[in-house]
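Colleague: Quick one: the structure is below, and I'll ask about it shortly.
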Amino acid sequence: MFEQLGYDTRVIWACAVKDIRSALRTPASNLIIILVPINFLILELLFALSGALAPTAVVNNDPGPYAQQFVQAMQNAHSFRVIQTTAEEAQREITAGDIVAIVTIPASFDDDLTAGRQITIPVTLNNLNVDFTNDIRRAIPLTITSFYAKAFPGQVVVQMSEHDLYAQDTDYVPYLAVSVLVIAIMLGGMLQAGNNMAIEYERETIKELLLSPASRWAIQVGKVLGALMVTALSTTAVILVVVAILQVPPLNWLEVIAYALVMMPIFGAIGVLVGTLLRSRRAVIPLSLVLVLPLFFLSGAFGPTSFGGGATDVVAKLTPSYYGIAAFQHAFHGFTTTPTSTATNVLILFGFAVLAVLVSALMLRRTSVAH
């Protein structure tokens, strides 16, 4: 028994070392694993930055203090990117498509407000983009209400009292950046393990492994371990981009490391399974992308899936990426984005890891030497 265990341990290490050397000899695959998540992050950042705040021109025809307070209320609404300009310039920019709306503050704004007369604030809206259009339509009434509550607090008897669940707000970009770490782990594990397993079939070295006295589970664990070590390098590269370049430091580095170590074997084992089934590197890469990207979008990369509810939330809870994103958001921002606790999420990830390894080992066990 102990002799077999010692032999299997050597097999695990030998398989891992062999796959690491194979990965180092094919730098193109390693670049794919690093560049795809980073490119995906860049696309998300462009999307987030272009759609964050609606560019809005403000034509302020009244230099009075109330008019200035109204402009300040617009800036505090977190929906506008306010550009103060002239009427002619504003019209030129909205015609060119550079801005979404023009808000014109009339010259008699302060006088009419002091006298209690009704004030009409013209808003010219470029309604080609429904998201921006709805933002403007919601934010203008909010601006008016917040301005009036601050300018005449005694006359506004109903006011909001906000109680935040978390101590700090988190911008869209830091949230997305953390979610991209999960796609780096997912894609890295599947591509590394899948390619290394497919190489065994392409070169027919799988026969030597299967005919050896080594246990099938030892071969499979060695493959997962080799993929884990290489994936750790690519994951570290993506973490450095998030932390050093995007300036999104984690609240707890130990959690980041622990969650990465739990998730990498899951997708490494899935990669071994994919490589065993397809037995071709040409098929592993596209299938890995096809599997990873939908899982990523379904799993709360852009926000908690429970906010939307429905079938998406149900499907998301069946995937490891859902719990992985929640775990990393807690490590970086202290958020709890799932109904279950962080400890429960980690236990579920452990369960996924065990299940993935068992299913992958079972499939390898059924592999015929004739192949």
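Scheme for the structure tokens: letters A, B, ... for chains in order shown; per-chain residue numbers from 1; ligand numbers from 1 in order shown.
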Pick out each residue of stretch 98-221 of chain A that DSSP on the backbone tags as alpha helix (DSSP H); I need them as a compact mmCIF listing (two decimals) with N, CA and C atoms, in the first residue's frame.

Modeller:
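Written file, part.txt:
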```
# COMPACT_ATOMS: atom_id res chain seq x y z
N PHE A 109 -33.79 83.11 -13.39
CA PHE A 109 -33.93 81.98 -12.46
C PHE A 109 -33.99 82.45 -11.00
N ASP A 110 -33.01 83.22 -10.55
CA ASP A 110 -32.96 83.65 -9.16
C ASP A 110 -34.14 84.56 -8.81
N ASP A 111 -34.46 85.50 -9.71
CA ASP A 111 -35.56 86.44 -9.44
C ASP A 111 -36.89 85.70 -9.36
N ASP A 112 -37.15 84.81 -10.31
CA ASP A 112 -38.41 84.07 -10.30
C ASP A 112 -38.51 83.18 -9.07
N LEU A 113 -37.38 82.57 -8.68
CA LEU A 113 -37.39 81.68 -7.52
C LEU A 113 -37.69 82.48 -6.24
N THR A 114 -37.07 83.64 -6.11
CA THR A 114 -37.28 84.48 -4.93
C THR A 114 -38.72 84.98 -4.87
N ALA A 115 -39.28 85.29 -6.04
CA ALA A 115 -40.64 85.81 -6.09
C ALA A 115 -41.69 84.72 -6.03
N VAL A 130 -31.08 54.90 -25.36
CA VAL A 130 -32.15 54.82 -24.37
C VAL A 130 -31.60 54.84 -22.95
N ASP A 131 -30.39 54.29 -22.74
CA ASP A 131 -29.80 54.30 -21.39
C ASP A 131 -29.51 55.72 -20.94
N PHE A 132 -28.83 56.48 -21.79
CA PHE A 132 -28.54 57.87 -21.46
C PHE A 132 -29.82 58.68 -21.33
N THR A 133 -30.76 58.42 -22.23
CA THR A 133 -32.03 59.15 -22.20
C THR A 133 -32.75 58.96 -20.88
N ASN A 134 -32.84 57.72 -20.43
CA ASN A 134 -33.51 57.43 -19.16
C ASN A 134 -32.74 58.02 -17.98
N ASP A 135 -31.39 58.01 -18.06
CA ASP A 135 -30.60 58.63 -17.00
C ASP A 135 -30.94 60.11 -16.86
N ILE A 136 -31.01 60.82 -17.99
CA ILE A 136 -31.33 62.25 -17.96
C ILE A 136 -32.73 62.47 -17.41
N ARG A 137 -33.69 61.67 -17.88
CA ARG A 137 -35.09 61.84 -17.44
C ARG A 137 -35.26 61.59 -15.95
N ARG A 138 -34.45 60.68 -15.40
CA ARG A 138 -34.53 60.44 -13.96
C ARG A 138 -33.74 61.48 -13.16
N ALA A 139 -32.61 61.91 -13.72
CA ALA A 139 -31.70 62.75 -12.95
C ALA A 139 -32.15 64.21 -12.86
N ILE A 140 -32.84 64.72 -13.88
CA ILE A 140 -33.29 66.12 -13.82
C ILE A 140 -34.28 66.33 -12.68
N PRO A 141 -35.34 65.52 -12.55
CA PRO A 141 -36.23 65.70 -11.39
C PRO A 141 -35.50 65.52 -10.05
N LEU A 142 -34.53 64.57 -10.00
CA LEU A 142 -33.76 64.39 -8.78
C LEU A 142 -32.95 65.65 -8.47
N THR A 143 -32.37 66.26 -9.49
CA THR A 143 -31.60 67.49 -9.29
C THR A 143 -32.49 68.60 -8.74
N ILE A 144 -33.68 68.76 -9.33
CA ILE A 144 -34.60 69.81 -8.88
C ILE A 144 -34.99 69.60 -7.42
N THR A 145 -35.29 68.34 -7.07
CA THR A 145 -35.71 68.05 -5.70
C THR A 145 -34.57 68.30 -4.71
N SER A 146 -33.37 67.79 -5.04
CA SER A 146 -32.25 67.97 -4.12
C SER A 146 -31.84 69.44 -4.00
N PHE A 147 -31.92 70.18 -5.13
CA PHE A 147 -31.61 71.61 -5.08
C PHE A 147 -32.59 72.35 -4.18
N TYR A 148 -33.86 72.09 -4.37
CA TYR A 148 -34.88 72.82 -3.60
C TYR A 148 -34.80 72.47 -2.11
N ALA A 149 -34.49 71.20 -1.82
CA ALA A 149 -34.38 70.79 -0.41
C ALA A 149 -33.22 71.49 0.29
N LYS A 150 -32.15 71.75 -0.45
CA LYS A 150 -31.00 72.42 0.14
C LYS A 150 -31.17 73.93 0.18
N ALA A 151 -31.78 74.50 -0.86
CA ALA A 151 -31.96 75.96 -0.92
C ALA A 151 -33.05 76.44 0.03
N TYR A 172 -17.91 51.19 -10.71
CA TYR A 172 -18.15 50.09 -11.64
C TYR A 172 -16.86 49.42 -12.06
N VAL A 173 -15.83 50.22 -12.31
CA VAL A 173 -14.56 49.68 -12.80
C VAL A 173 -13.91 48.74 -11.78
N PRO A 174 -13.77 49.12 -10.49
CA PRO A 174 -13.20 48.18 -9.52
C PRO A 174 -14.00 46.89 -9.40
N TYR A 175 -15.32 46.98 -9.51
CA TYR A 175 -16.14 45.77 -9.44
C TYR A 175 -15.85 44.86 -10.63
N LEU A 176 -15.83 45.43 -11.83
CA LEU A 176 -15.56 44.64 -13.03
C LEU A 176 -14.17 44.04 -13.02
N ALA A 177 -13.20 44.83 -12.56
CA ALA A 177 -11.81 44.37 -12.55
C ALA A 177 -11.65 43.12 -11.70
N VAL A 178 -12.32 43.08 -10.56
CA VAL A 178 -12.24 41.90 -9.69
C VAL A 178 -12.92 40.70 -10.35
N SER A 179 -14.03 40.95 -11.01
CA SER A 179 -14.72 39.85 -11.69
C SER A 179 -13.86 39.23 -12.78
N VAL A 180 -13.04 40.05 -13.44
CA VAL A 180 -12.19 39.54 -14.53
C VAL A 180 -11.15 38.56 -14.00
N LEU A 181 -10.76 38.69 -12.72
CA LEU A 181 -9.83 37.72 -12.15
C LEU A 181 -10.38 36.30 -12.25
N VAL A 182 -11.68 36.17 -12.10
CA VAL A 182 -12.29 34.85 -12.17
C VAL A 182 -12.18 34.27 -13.57
N ILE A 183 -12.39 35.11 -14.59
CA ILE A 183 -12.27 34.59 -15.96
C ILE A 183 -10.82 34.21 -16.25
N ALA A 184 -9.86 34.89 -15.62
CA ALA A 184 -8.45 34.53 -15.80
C ALA A 184 -8.18 33.13 -15.24
N ILE A 185 -8.75 32.86 -14.06
CA ILE A 185 -8.57 31.54 -13.44
C ILE A 185 -9.30 30.47 -14.25
N MET A 186 -10.52 30.77 -14.66
CA MET A 186 -11.31 29.81 -15.43
C MET A 186 -10.62 29.44 -16.74
N LEU A 187 -10.26 30.48 -17.49
CA LEU A 187 -9.66 30.23 -18.81
C LEU A 187 -8.28 29.61 -18.67
N GLY A 188 -7.50 30.09 -17.69
CA GLY A 188 -6.16 29.55 -17.50
C GLY A 188 -6.18 28.07 -17.17
N GLY A 189 -7.02 27.69 -16.22
CA GLY A 189 -7.09 26.29 -15.83
C GLY A 189 -7.56 25.38 -16.95
N MET A 190 -8.60 25.81 -17.66
CA MET A 190 -9.14 24.96 -18.72
C MET A 190 -8.19 24.82 -19.88
N LEU A 191 -7.56 25.95 -20.30
CA LEU A 191 -6.66 25.87 -21.45
C LEU A 191 -5.39 25.10 -21.13
N GLN A 192 -4.80 25.36 -19.97
CA GLN A 192 -3.55 24.67 -19.62
C GLN A 192 -3.78 23.17 -19.49
N ALA A 193 -4.72 22.79 -18.66
CA ALA A 193 -4.96 21.36 -18.43
C ALA A 193 -5.51 20.69 -19.69
N GLY A 194 -6.41 21.39 -20.40
CA GLY A 194 -6.99 20.81 -21.61
C GLY A 194 -5.95 20.59 -22.69
N ASN A 195 -5.09 21.59 -22.92
CA ASN A 195 -4.05 21.43 -23.93
C ASN A 195 -3.05 20.34 -23.57
N ASN A 196 -2.64 20.32 -22.30
CA ASN A 196 -1.67 19.31 -21.87
C ASN A 196 -2.24 17.89 -22.00
N MET A 197 -3.53 17.75 -21.70
CA MET A 197 -4.14 16.42 -21.84
C MET A 197 -4.29 16.05 -23.31
N ALA A 198 -4.67 17.03 -24.13
CA ALA A 198 -4.82 16.75 -25.56
C ALA A 198 -3.49 16.36 -26.20
N ILE A 199 -2.38 16.97 -25.73
CA ILE A 199 -1.05 16.63 -26.25
C ILE A 199 -0.75 15.15 -26.02
N GLU A 200 -1.16 14.63 -24.87
CA GLU A 200 -0.91 13.21 -24.57
C GLU A 200 -1.57 12.31 -25.62
N TYR A 201 -2.77 12.69 -26.06
CA TYR A 201 -3.46 11.89 -27.07
C TYR A 201 -2.88 12.12 -28.47
N GLU A 202 -2.53 13.37 -28.77
CA GLU A 202 -1.98 13.66 -30.09
C GLU A 202 -0.65 12.95 -30.31
N ILE A 206 -0.28 8.99 -24.08
CA ILE A 206 -1.28 8.58 -23.10
C ILE A 206 -1.23 7.07 -22.88
N LYS A 207 -0.82 6.31 -23.92
CA LYS A 207 -0.74 4.86 -23.79
C LYS A 207 0.28 4.46 -22.72
N GLU A 208 1.42 5.16 -22.72
CA GLU A 208 2.45 4.86 -21.72
C GLU A 208 1.93 5.12 -20.32
N LEU A 209 1.18 6.21 -20.17
CA LEU A 209 0.64 6.55 -18.85
C LEU A 209 -0.38 5.51 -18.39
N LEU A 210 -1.27 5.13 -19.31
CA LEU A 210 -2.35 4.22 -18.93
C LEU A 210 -1.85 2.79 -18.71
N LEU A 211 -0.77 2.41 -19.39
CA LEU A 211 -0.23 1.06 -19.22
C LEU A 211 0.72 0.96 -18.03
N ARG A 216 -4.97 5.85 -12.00
CA ARG A 216 -5.52 6.87 -12.90
C ARG A 216 -5.70 8.19 -12.16
N TRP A 217 -6.06 8.12 -10.88
CA TRP A 217 -6.27 9.36 -10.13
C TRP A 217 -4.94 10.10 -9.97
N ALA A 218 -3.83 9.37 -9.86
CA ALA A 218 -2.52 10.02 -9.72
C ALA A 218 -2.16 10.77 -11.00
N ILE A 219 -2.45 10.16 -12.15
CA ILE A 219 -2.19 10.83 -13.43
C ILE A 219 -3.02 12.11 -13.51
N GLN A 220 -4.30 11.97 -13.14
CA GLN A 220 -5.20 13.11 -13.23
C GLN A 220 -4.81 14.22 -12.28
N VAL A 221 -4.45 13.88 -11.04
CA VAL A 221 -4.04 14.88 -10.06
C VAL A 221 -2.75 15.58 -10.52
```

Colleague: Which residues are close to stretch 297-300 of chain A, i.e. within 10 Å by only C-alpha atoms, leaving aside same-chain residues fewer than 3 positions away? Reply as a PyMOL selection string.

Modeller: chain A and resi 176+179+183+292-294+303-308+312-326+337-338
